[in-house]
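Shown here: entry_18.pdb, PDB, C-alpha atoms.
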```pdb
MODEL        1
ATOM      1  CA  MET A 966      31.389 112.992   2.970  1.00  0.00           C
ATOM      2  CA  VAL A 967      30.218 110.050   4.744  1.00  0.00           C
ATOM      3  CA  TYR A 968      32.520 107.180   5.356  1.00  0.00           C
ATOM      4  CA  SER A 969      31.645 103.773   6.567  1.00  0.00           C
ATOM      5  CA  ALA A 970      32.736 102.629   9.972  1.00  0.00           C
ATOM      6  CA  LEU A 971      34.954 100.016   8.413  1.00  0.00           C
ATOM      7  CA  TYR A 972      36.775 102.631   6.382  1.00  0.00           C
ATOM      8  CA  THR A 973      37.492 104.907   9.309  1.00  0.00           C
ATOM      9  CA  LEU A 974      38.677 102.011  11.430  1.00  0.00           C
ATOM     10  CA  SER A 975      41.000 100.671   8.764  1.00  0.00           C
ATOM     11  CA  LYS A 976      42.312 104.163   8.084  1.00  0.00           C
ATOM     12  CA  ALA A 977      43.085 104.734  11.733  1.00  0.00           C
ATOM     13  CA  ILE A 978      44.977 101.475  11.925  1.00  0.00           C
ATOM     14  CA  ALA A 979      46.853 102.271   8.703  1.00  0.00           C
ATOM     15  CA  ASP A 980      47.756 105.719  10.007  1.00  0.00           C
ATOM     16  CA  ILE A 981      49.163 104.237  13.172  1.00  0.00           C
ATOM     17  CA  LEU A 982      51.159 101.702  11.227  1.00  0.00           C
ATOM     18  CA  VAL A 983      52.510 104.362   8.879  1.00  0.00           C
ATOM     19  CA  LYS A 984      53.407 106.555  11.822  1.00  0.00           C
ATOM     20  CA  ILE A 985      55.232 103.723  13.490  1.00  0.00           C
ATOM     21  CA  LEU A 986      57.001 102.315  10.459  1.00  0.00           C
ATOM     22  CA  LEU A 987      57.641 105.186   8.099  1.00  0.00           C
ATOM     23  CA  ALA A 988      57.351 108.425   9.972  1.00  0.00           C
ATOM     24  CA  ARG A 989      59.573 107.177  12.754  1.00  0.00           C
ATOM     25  CA  ARG A 990      61.758 109.727  14.344  1.00  0.00           C
ATOM     26  CA  ARG A 991      65.400 109.502  13.551  1.00  0.00           C
ATOM     27  CA  LYS A 992      67.631 108.702  16.448  1.00  0.00           C
ATOM     28  CA  ILE A 993      69.937 111.534  17.327  1.00  0.00           C
ATOM     29  CA  VAL A 994      73.341 110.093  18.153  1.00  0.00           C
ATOM     30  CA  LYS A 995      75.323 112.315  20.412  1.00  0.00           C
ATOM     31  CA  GLU A 996      79.075 112.515  19.984  1.00  0.00           C
ATOM     32  CA  ARG A 997      81.092 110.987  22.749  1.00  0.00           C
ATOM     33  CA  PRO A 998      83.084 113.424  24.806  1.00  0.00           C
ATOM     34  CA  ARG A 999      86.635 112.876  23.578  1.00  0.00           C
ATOM     35  CA  GLU A1000      89.795 113.344  25.557  1.00  0.00           C
ATOM     36  CA  GLU A1001      91.520 116.386  24.211  1.00  0.00           C
ATOM     37  CA  ILE A1002      95.088 115.469  23.394  1.00  0.00           C
ATOM     38  CA  PRO A1003      97.379 118.460  23.676  1.00  0.00           C
ATOM     39  CA  ARG A1004      99.501 118.760  20.562  1.00  0.00           C
ATOM     40  CA  TYR A1005     101.721 121.636  21.597  1.00  0.00           C
ATOM     41  CA  GLY A1006     103.723 122.457  24.669  1.00  0.00           C
ATOM     42  CA  TRP A1007     105.649 120.454  27.200  1.00  0.00           C
ATOM     43  CA  PHE A1008     105.316 116.704  27.610  1.00  0.00           C
ATOM     44  CA  GLU A1009     106.945 113.969  29.595  1.00  0.00           C
ATOM     45  CA  GLN A1010     107.507 110.762  27.709  1.00  0.00           C
ATOM     46  CA  GLN A1011     109.295 107.460  27.919  1.00  0.00           C
ATOM     47  CA  THR A1012     112.072 106.442  25.585  1.00  0.00           C
ATOM     48  CA  PRO A1013     112.036 102.876  24.233  1.00  0.00           C
ATOM     49  CA  LEU A1014     114.861 102.079  26.632  1.00  0.00           C
ATOM     50  CA  GLY A1015     112.705 103.025  29.597  1.00  0.00           C
ATOM     51  CA  TYR A1016     114.134 106.417  30.457  1.00  0.00           C
ATOM     52  CA  SER A1017     111.983 109.476  30.999  1.00  0.00           C
ATOM     53  CA  GLU A1018     112.553 112.686  29.080  1.00  0.00           C
ATOM     54  CA  THR A1019     110.879 116.035  28.561  1.00  0.00           C
ATOM     55  CA  VAL A1020     109.767 117.110  25.094  1.00  0.00           C
ATOM     56  CA  TYR A1021     108.760 120.553  23.859  1.00  0.00           C
ATOM     57  CA  ILE A1022     106.740 120.842  20.641  1.00  0.00           C
ATOM     58  CA  GLY A1023     106.231 124.343  19.262  1.00  0.00           C
ATOM     59  CA  ARG A1024     102.887 125.564  17.966  1.00  0.00           C
ATOM     60  CA  TYR A1025     103.854 128.268  15.469  1.00  0.00           C
ATOM     61  CA  THR A1026     107.288 126.875  14.720  1.00  0.00           C
ATOM     62  CA  ALA A1027     108.368 123.407  13.677  1.00  0.00           C
ATOM     63  CA  LEU A1028     110.288 122.997  16.874  1.00  0.00           C
ATOM     64  CA  GLN A1029     110.773 119.711  18.721  1.00  0.00           C
ATOM     65  CA  VAL A1030     113.236 119.655  21.553  1.00  0.00           C
ATOM     66  CA  THR A1031     113.903 116.593  23.672  1.00  0.00           C
ATOM     67  CA  ILE A1032     115.607 117.021  27.003  1.00  0.00           C
ATOM     68  CA  PRO A1033     116.780 113.758  28.587  1.00  0.00           C
ATOM     69  CA  HIS A1034     116.733 113.685  32.371  1.00  0.00           C
ATOM     70  CA  ALA A1035     120.462 113.272  32.512  1.00  0.00           C
ATOM     71  CA  VAL A1036     121.043 115.644  35.416  1.00  0.00           C
ATOM     72  CA  GLU A1037     118.486 113.887  37.563  1.00  0.00           C
ATOM     73  CA  ALA A1038     120.046 110.615  36.552  1.00  0.00           C
ATOM     74  CA  THR A1039     123.344 111.532  38.129  1.00  0.00           C
ATOM     75  CA  THR A1040     121.653 112.443  41.372  1.00  0.00           C
ATOM     76  CA  GLY A1041     119.479 109.339  41.297  1.00  0.00           C
ATOM     77  CA  LEU A1042     116.190 111.200  41.587  1.00  0.00           C
ATOM     78  CA  VAL A1043     114.474 109.448  38.694  1.00  0.00           C
ATOM     79  CA  PRO A1044     113.561 105.840  39.495  1.00  0.00           C
ATOM     80  CA  SER A1045     114.066 104.650  35.933  1.00  0.00           C
ATOM     81  CA  TYR A1046     117.683 105.743  36.148  1.00  0.00           C
ATOM     82  CA  ARG A1047     118.157 104.477  39.667  1.00  0.00           C
ATOM     83  CA  ALA A1048     117.244 101.006  38.442  1.00  0.00           C
ATOM     84  CA  ARG A1049     119.998 101.223  35.826  1.00  0.00           C
ATOM     85  CA  PRO A1050     123.006 102.976  37.290  1.00  0.00           C
ATOM     86  CA  GLN A1051     126.163 103.819  35.424  1.00  0.00           C
ATOM     87  CA  THR A1052     128.408 100.827  35.218  1.00  0.00           C
ATOM     88  CA  ARG A1053     132.059 100.083  34.769  1.00  0.00           C
ATOM     89  CA  LEU A1054     133.195  96.564  33.906  1.00  0.00           C
ATOM     90  CA  TYR A1055     136.772  95.649  34.731  1.00  0.00           C
ATOM     91  CA  PHE A1056     138.863  93.119  32.821  1.00  0.00           C
ATOM     92  CA  THR A1057     142.478  92.102  32.759  1.00  0.00           C
ATOM     93  CA  PHE A1058     144.399  91.773  29.508  1.00  0.00           C
ATOM     94  CA  THR A1059     144.400  87.967  29.564  1.00  0.00           C
ATOM     95  CA  GLU A1060     140.621  87.987  29.922  1.00  0.00           C
ATOM     96  CA  ALA A1061     140.319  90.440  27.039  1.00  0.00           C
ATOM     97  CA  ALA A1062     142.546  88.332  24.804  1.00  0.00           C
ATOM     98  CA  SER A1063     140.714  85.068  25.505  1.00  0.00           C
ATOM     99  CA  LYS A1064     137.952  83.717  23.292  1.00  0.00           C
ATOM    100  CA  GLU A1065     135.321  83.757  26.019  1.00  0.00           C
ATOM    101  CA  TRP A1066     135.597  87.452  26.692  1.00  0.00           C
ATOM    102  CA  PHE A1067     132.260  88.311  25.106  1.00  0.00           C
ATOM    103  CA  LYS A1068     130.498  85.715  27.226  1.00  0.00           C
ATOM    104  CA  GLU A1069     132.003  87.307  30.322  1.00  0.00           C
ATOM    105  CA  ILE A1070     130.894  90.756  29.213  1.00  0.00           C
ATOM    106  CA  GLU A1071     127.360  89.510  28.653  1.00  0.00           C
ATOM    107  CA  ALA A1072     127.243  87.733  32.003  1.00  0.00           C
ATOM    108  CA  LEU A1073     128.532  90.789  33.858  1.00  0.00           C
ATOM    109  CA  ALA A1074     126.157  93.101  32.021  1.00  0.00           C
ATOM    110  CA  LYS A1075     123.241  90.840  32.953  1.00  0.00           C
ATOM    111  CA  GLN A1076     124.361  90.914  36.571  1.00  0.00           C
ATOM    112  CA  VAL A1077     124.465  94.704  36.514  1.00  0.00           C
ATOM    113  CA  GLY A1078     121.096  94.947  34.828  1.00  0.00           C
ATOM    114  CA  GLY A1079     120.402  94.994  31.132  1.00  0.00           C
ATOM    115  CA  ALA A1080     123.376  96.604  29.472  1.00  0.00           C
ATOM    116  CA  SER A1081     123.128  97.008  25.733  1.00  0.00           C
TER     117      SER A1081
ATOM    118  CA  MET B 731     128.286 108.386  22.149  1.00  0.00           C
ATOM    119  CA  ILE B 732     131.285 106.088  22.043  1.00  0.00           C
ATOM    120  CA  GLU B 733     134.914 106.872  22.686  1.00  0.00           C
ATOM    121  CA  VAL B 734     138.137 105.132  23.592  1.00  0.00           C
ATOM    122  CA  ILE B 735     140.554 106.511  26.148  1.00  0.00           C
ATOM    123  CA  LEU B 736     144.031 105.195  26.819  1.00  0.00           C
ATOM    124  CA  GLU B 737     145.544 105.977  30.175  1.00  0.00           C
ATOM    125  CA  ALA B 738     149.271 105.666  29.670  1.00  0.00           C
ATOM    126  CA  GLU B 739     152.646 106.613  31.015  1.00  0.00           C
ATOM    127  CA  VAL B 740     155.182 108.432  28.891  1.00  0.00           C
ATOM    128  CA  THR B 741     158.146 106.136  29.509  1.00  0.00           C
ATOM    129  CA  CYS B 742     156.243 102.863  29.175  1.00  0.00           C
ATOM    130  CA  PRO B 743     156.998 100.851  25.972  1.00  0.00           C
ATOM    131  CA  ARG B 744     153.896  98.696  26.301  1.00  0.00           C
ATOM    132  CA  CYS B 745     151.744 101.801  26.392  1.00  0.00           C
ATOM    133  CA  GLU B 746     153.301 102.908  23.138  1.00  0.00           C
ATOM    134  CA  ALA B 747     152.649  99.534  21.508  1.00  0.00           C
ATOM    135  CA  LEU B 748     149.006  99.582  22.601  1.00  0.00           C
ATOM    136  CA  TYR B 749     148.694 103.193  21.465  1.00  0.00           C
ATOM    137  CA  LYS B 750     149.793 102.271  17.942  1.00  0.00           C
ATOM    138  CA  LEU B 751     147.357  99.350  17.826  1.00  0.00           C
ATOM    139  CA  MET B 752     144.388 101.315  19.137  1.00  0.00           C
ATOM    140  CA  ARG B 753     145.184 104.307  16.942  1.00  0.00           C
ATOM    141  CA  ARG B 754     144.920 102.084  13.882  1.00  0.00           C
ATOM    142  CA  ILE B 755     141.729 100.293  14.979  1.00  0.00           C
ATOM    143  CA  CYS B 756     139.948 103.493  15.981  1.00  0.00           C
ATOM    144  CA  SER B 757     140.880 105.351  12.807  1.00  0.00           C
ATOM    145  CA  ASP B 758     139.640 102.371  10.808  1.00  0.00           C
ATOM    146  CA  LEU B 759     136.294 102.314  12.636  1.00  0.00           C
ATOM    147  CA  ASN B 760     136.070 106.113  12.872  1.00  0.00           C
ATOM    148  CA  ILE B 761     135.789 106.171  16.663  1.00  0.00           C
ATOM    149  CA  PRO B 762     137.219 109.052  18.730  1.00  0.00           C
ATOM    150  CA  PHE B 763     140.395 108.032  20.492  1.00  0.00           C
ATOM    151  CA  SER B 764     142.416 109.992  23.010  1.00  0.00           C
ATOM    152  CA  VAL B 765     145.370 109.411  25.306  1.00  0.00           C
ATOM    153  CA  ARG B 766     145.759 110.627  28.853  1.00  0.00           C
ATOM    154  CA  TYR B 767     149.287 110.532  30.075  1.00  0.00           C
ATOM    155  CA  LYS B 768     149.592 109.912  33.793  1.00  0.00           C
ATOM    156  CA  THR B 769     152.704 110.106  35.885  1.00  0.00           C
ATOM    157  CA  PRO B 770     153.162 108.705  39.368  1.00  0.00           C
ATOM    158  CA  TYR B 771     152.802 112.242  40.657  1.00  0.00           C
ATOM    159  CA  SER B 772     149.880 113.422  38.561  1.00  0.00           C
ATOM    160  CA  VAL B 773     146.862 114.662  40.423  1.00  0.00           C
ATOM    161  CA  PHE B 774     143.587 112.850  39.765  1.00  0.00           C
ATOM    162  CA  TYR B 775     140.883 115.414  39.243  1.00  0.00           C
ATOM    163  CA  GLU B 776     138.296 112.849  38.257  1.00  0.00           C
ATOM    164  CA  ASP B 777     137.502 109.196  38.857  1.00  0.00           C
ATOM    165  CA  THR B 778     140.108 107.419  36.824  1.00  0.00           C
ATOM    166  CA  THR B 779     140.495 103.704  36.581  1.00  0.00           C
ATOM    167  CA  ALA B 780     144.170 103.879  37.408  1.00  0.00           C
ATOM    168  CA  PHE B 781     143.333 105.461  40.720  1.00  0.00           C
ATOM    169  CA  HIS B 782     140.718 102.941  41.728  1.00  0.00           C
ATOM    170  CA  THR B 783     142.300  99.784  40.502  1.00  0.00           C
ATOM    171  CA  PHE B 784     144.208  98.517  43.480  1.00  0.00           C
ATOM    172  CA  SER B 785     142.670 100.243  46.467  1.00  0.00           C
ATOM    173  CA  LYS B 786     141.083  98.824  49.583  1.00  0.00           C
ATOM    174  CA  GLU B 787     137.916 100.792  48.891  1.00  0.00           C
ATOM    175  CA  TRP B 788     137.687  99.360  45.398  1.00  0.00           C
ATOM    176  CA  VAL B 789     137.852  95.772  46.657  1.00  0.00           C
ATOM    177  CA  GLU B 790     135.268  96.487  49.339  1.00  0.00           C
ATOM    178  CA  ARG B 791     132.877  97.928  46.805  1.00  0.00           C
ATOM    179  CA  PHE B 792     133.368  96.009  43.577  1.00  0.00           C
ATOM    180  CA  GLY B 793     135.476  93.008  44.477  1.00  0.00           C
ATOM    181  CA  SER B 794     134.239  89.447  44.600  1.00  0.00           C
ATOM    182  CA  GLU B 795     133.665  87.515  47.826  1.00  0.00           C
ATOM    183  CA  GLU B 796     137.007  85.796  47.480  1.00  0.00           C
ATOM    184  CA  GLN B 797     138.798  89.101  47.184  1.00  0.00           C
ATOM    185  CA  ARG B 798     136.992  90.487  50.212  1.00  0.00           C
ATOM    186  CA  GLU B 799     137.938  87.463  52.297  1.00  0.00           C
ATOM    187  CA  LYS B 800     141.581  87.832  51.397  1.00  0.00           C
ATOM    188  CA  LEU B 801     141.578  91.579  51.856  1.00  0.00           C
ATOM    189  CA  LYS B 802     142.941  91.371  55.413  1.00  0.00           C
ATOM    190  CA  ASP B 803     146.195  89.828  54.222  1.00  0.00           C
ATOM    191  CA  VAL B 804     146.754  92.366  51.437  1.00  0.00           C
ATOM    192  CA  GLU B 805     145.450  95.474  53.138  1.00  0.00           C
ATOM    193  CA  LYS B 806     148.856  96.908  53.988  1.00  0.00           C
ATOM    194  CA  VAL B 807     150.197  96.273  50.506  1.00  0.00           C
ATOM    195  CA  LEU B 808     147.212  97.986  48.924  1.00  0.00           C
ATOM    196  CA  ASP B 809     147.668 100.993  51.172  1.00  0.00           C
ATOM    197  CA  PHE B 810     151.326 101.106  50.159  1.00  0.00           C
ATOM    198  CA  ILE B 811     150.428 100.943  46.460  1.00  0.00           C
ATOM    199  CA  GLN B 812     147.960 103.779  46.834  1.00  0.00           C
ATOM    200  CA  ARG B 813     150.381 105.880  48.863  1.00  0.00           C
ATOM    201  CA  GLU B 814     153.238 105.463  46.406  1.00  0.00           C
ATOM    202  CA  HIS B 815     151.017 105.720  43.309  1.00  0.00           C
ATOM    203  CA  LEU B 816     152.146 102.394  41.921  1.00  0.00           C
ATOM    204  CA  ASN B 817     149.494 101.914  39.306  1.00  0.00           C
ATOM    205  CA  MET B 818     149.184  99.550  36.422  1.00  0.00           C
ATOM    206  CA  TYR B 819     149.626 100.942  32.932  1.00  0.00           C
ATOM    207  CA  PRO B 820     148.261 100.993  30.299  1.00  0.00           C
ATOM    208  CA  VAL B 821     144.548 101.143  31.056  1.00  0.00           C
ATOM    209  CA  LEU B 822     142.152 101.063  28.143  1.00  0.00           C
ATOM    210  CA  ARG B 823     138.728 102.564  28.716  1.00  0.00           C
ATOM    211  CA  ILE B 824     135.865 102.118  26.266  1.00  0.00           C
ATOM    212  CA  ARG B 825     133.091 104.535  27.176  1.00  0.00           C
ATOM    213  CA  PHE B 826     129.664 104.394  25.563  1.00  0.00           C
ATOM    214  CA  SER B 827     126.159 105.512  26.423  1.00  0.00           C
ATOM    215  CA  ASP B 828     122.876 103.893  25.424  1.00  0.00           C
ATOM    216  CA  GLY B 829     121.002 107.189  25.259  1.00  0.00           C
ATOM    217  CA  ALA B 830     121.250 108.249  28.880  1.00  0.00           C
ATOM    218  CA  ARG B 831     123.567 106.386  31.183  1.00  0.00           C
ATOM    219  CA  LEU B 832     127.265 106.035  30.653  1.00  0.00           C
ATOM    220  CA  GLN B 833     128.912 102.631  30.626  1.00  0.00           C
ATOM    221  CA  GLU B 834     132.535 101.675  30.612  1.00  0.00           C
ATOM    222  CA  ILE B 835     134.554  98.627  29.742  1.00  0.00           C
ATOM    223  CA  VAL B 836     138.013  98.742  31.256  1.00  0.00           C
ATOM    224  CA  VAL B 837     140.945  96.588  30.212  1.00  0.00           C
ATOM    225  CA  ARG B 838     144.056  96.735  32.347  1.00  0.00           C
ATOM    226  CA  GLY B 839     147.535  95.809  31.216  1.00  0.00           C
ATOM    227  CA  TYR B 840     149.025  94.770  27.896  1.00  0.00           C
ATOM    228  CA  ASP B 841     150.975  91.767  26.684  1.00  0.00           C
ATOM    229  CA  PRO B 842     152.602  91.975  23.214  1.00  0.00           C
ATOM    230  CA  SER B 843     152.646  88.165  22.799  1.00  0.00           C
ATOM    231  CA  LYS B 844     148.812  88.077  22.674  1.00  0.00           C
ATOM    232  CA  GLU B 845     148.467  91.117  20.475  1.00  0.00           C
ATOM    233  CA  ARG B 846     146.617  89.393  17.644  1.00  0.00           C
ATOM    234  CA  GLU B 847     143.876  87.840  19.796  1.00  0.00           C
ATOM    235  CA  PHE B 848     143.399  91.068  21.667  1.00  0.00           C
ATOM    236  CA  ALA B 849     143.199  93.118  18.484  1.00  0.00           C
ATOM    237  CA  THR B 850     140.520  90.886  16.948  1.00  0.00           C
ATOM    238  CA  ASN B 851     138.501  90.898  20.146  1.00  0.00           C
ATOM    239  CA  ILE B 852     138.691  94.667  20.534  1.00  0.00           C
ATOM    240  CA  TYR B 853     137.863  95.234  16.869  1.00  0.00           C
ATOM    241  CA  ILE B 854     134.760  93.043  17.066  1.00  0.00           C
ATOM    242  CA  LEU B 855     133.652  94.655  20.308  1.00  0.00           C
ATOM    243  CA  LEU B 856     134.106  98.215  19.083  1.00  0.00           C
ATOM    244  CA  ARG B 857     132.331  97.511  15.809  1.00  0.00           C
ATOM    245  CA  ALA B 858     129.390  95.920  17.644  1.00  0.00           C
ATOM    246  CA  LEU B 859     129.209  98.766  20.146  1.00  0.00           C
ATOM    247  CA  LYS B 860     129.320 101.366  17.395  1.00  0.00           C
ATOM    248  CA  GLY B 861     126.469  99.600  15.662  1.00  0.00           C
ATOM    249  CA  ALA B 862     124.474  99.474  18.875  1.00  0.00           C
ATOM    250  CA  VAL B 863     125.086 103.116  19.747  1.00  0.00           C
ATOM    251  CA  TYR B 864     124.517 104.704  16.340  1.00  0.00           C
ATOM    252  CA  GLY B 865     122.112 102.124  14.932  1.00  0.00           C
ATOM    253  CA  ARG B 866     124.275 101.305  11.932  1.00  0.00           C
ATOM    254  CA  ARG B 867     127.600  99.794  11.028  1.00  0.00           C
TER     255      ARG B 867
ENDMDL
END
```
Re-express the file's structure as structure tokens.
Amino acid sequence: MVYSALYTLSKAIADILVKILLARRRKIVKERPREEIPRYGWFEQQTPLGYSETVYIGRYTALQVTIPHAVEATTGLVPSYRARPQTRLYFTFTEAASKEWFKEIEALAKQVGGAS
Amino acid sequence: MIEVILEAEVTCPRCEALYKLMRRICSDLNIPFSVRYKTPYSVFYEDTTAFHTFSKEWVERFGSEEQREKLKDVEKVLDFIQREHLNMYPVLRIRFSDGARLQEIVVRGYDPSKEREFATNIYILLRALKGAVYGRR
């Protein structure tokens, strides 16, 4: 078959356009490398009060054991405990019987450092 | 954890009065309550409040500036008190922990004329502490 020059030219242009617009390659989106979060085993975590504790979560058993760092707390090895040492607030009976006792307790607890 | 400990002497009538009061409050609030009877000759195996109350070391460590300034005048008396085991009774200790550390509120002495005010104060305090420790009232 014999085609005119105009036909071949227009066909070539149309082919290019079709290739560009329709037969475009799909973009392959690669998955981001995620951080693998371990779900089983031993973890160290913070309690809402700011203390550190060790947690064990079992894989084949529904086991969850939390071990507070109470022993380290007594020796003062853990900084979160060192910041909040054990406290003892002293009052006399007249102070305890007065109306402003709770204010005194709050003031002393603030002085010591965030007692509940 | 929350508990109330009363350090008392056997022959002391005020200790008995406070014991009756605290027994009733603690049983009402369902808080563990125990009594430790101390005599002038009892041996202190642990840090008790009765032992530390009127000592020179206690004032040096926990006392206010005023107390430290006046320590020189009272030093001999304090040594005498410690040597002869003249301690103040009763001592009421409220121990509670906020998850990890242990805290104590210590009340020394007892006066029957102010029983009502003291009872209301202690009741409110213990109820609030129990709520804070266990998350409910």
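If you measure from each of B:Arg846, B:Arg825, B:Lys860, B:Arg838 to chain A using all atoms listed in the file, the closest one turns out to be B:Arg838.
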Q | Residues selected by the PyMOL selection byres ((chain B and resi 734) around 7), written as a ChimeraX atom specification | A | /B:733,735-736,762-764,823-825
Q | Nearest to Arg1024 of chain A, chosen from A:Arg1004, A:Gln1010, A:Lys1075, A:Ala1061, with only C-alpha atoms counted in the distances | A | A:Arg1004
Q: Please write the residues picked by the ChimeraX specification (/A :<6) & /B on this file as a ChimeraX atom specification.
A: /B:831-840,847-848
Q: Starting from the displayed file, determine the output of the PyMOL selection byres ((chain B and resi 737) around 8) and express the residue list as a list in words.
A: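 Selection result, ordered by chain and number: Ile735, Leu736, Ala738, Glu739, Val765, Arg766, Tyr767, Lys768, Ala780, Tyr819, Pro820, Val821, Leu822 and Arg823 of chain B.
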**Q.** Straight-line distance linking atom CA of Pro743 of chain B with atom CA of Leu816 of chain B, stated in Å to one decimal
**A.** 16.7 Å
Q: Would you mind reading off the distance between atom CA of Asp828 of chain B and atom CA of Tyr853 of chain B, one decimal, in Å?
A: 19.3 Å
(Q) Give me the residues near Tyr1025 of chain A as a ChimeraX atom specification, where near means some atom within 10 Å (using only C-alpha atoms) and where sequence neighbours in that chain fewer than 3 positions away do not count. (A) /A:1005,1022,1028
(Q) Between atom CA of Lys786 of chain B and atom CA of Met818 of chain B, what distance in Å does the model show, to one decimal? (A)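 Between these atoms lies a distance of 15.5 Å.
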With 4 Å of padding per side, what axis-aligned box (centre and edge lengths, Å, one decimal) covers all the listed atoms of segment 748-760 of chain B? Give it as AutoDock Vina command-line options.
```
--center_x 142.9 --center_y 102.7 --center_z 16.7 --size_x 21.7 --size_y 14.8 --size_z 19.8
```
Q: May I have the residues within 8 Å of Pro842 of chain B as a list of chain:residue names, using all atoms listed in the file and disregarding those fewer than 2 positions away in the same chain?
A: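 Contacts, with the query itself left out: B:Arg744, B:Ala747, B:Tyr840, B:Lys844, B:Glu845.
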Q) Of the residues B:Ser785, B:Lys800, B:Ser827, B:Ile761, which is the one nearest to Arg813 of chain B, using only C-alpha atoms? A)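 Nearest candidate to Arg813 of chain B out of B:Ser785, B:Lys800, B:Ser827, B:Ile761: B:Ser785.
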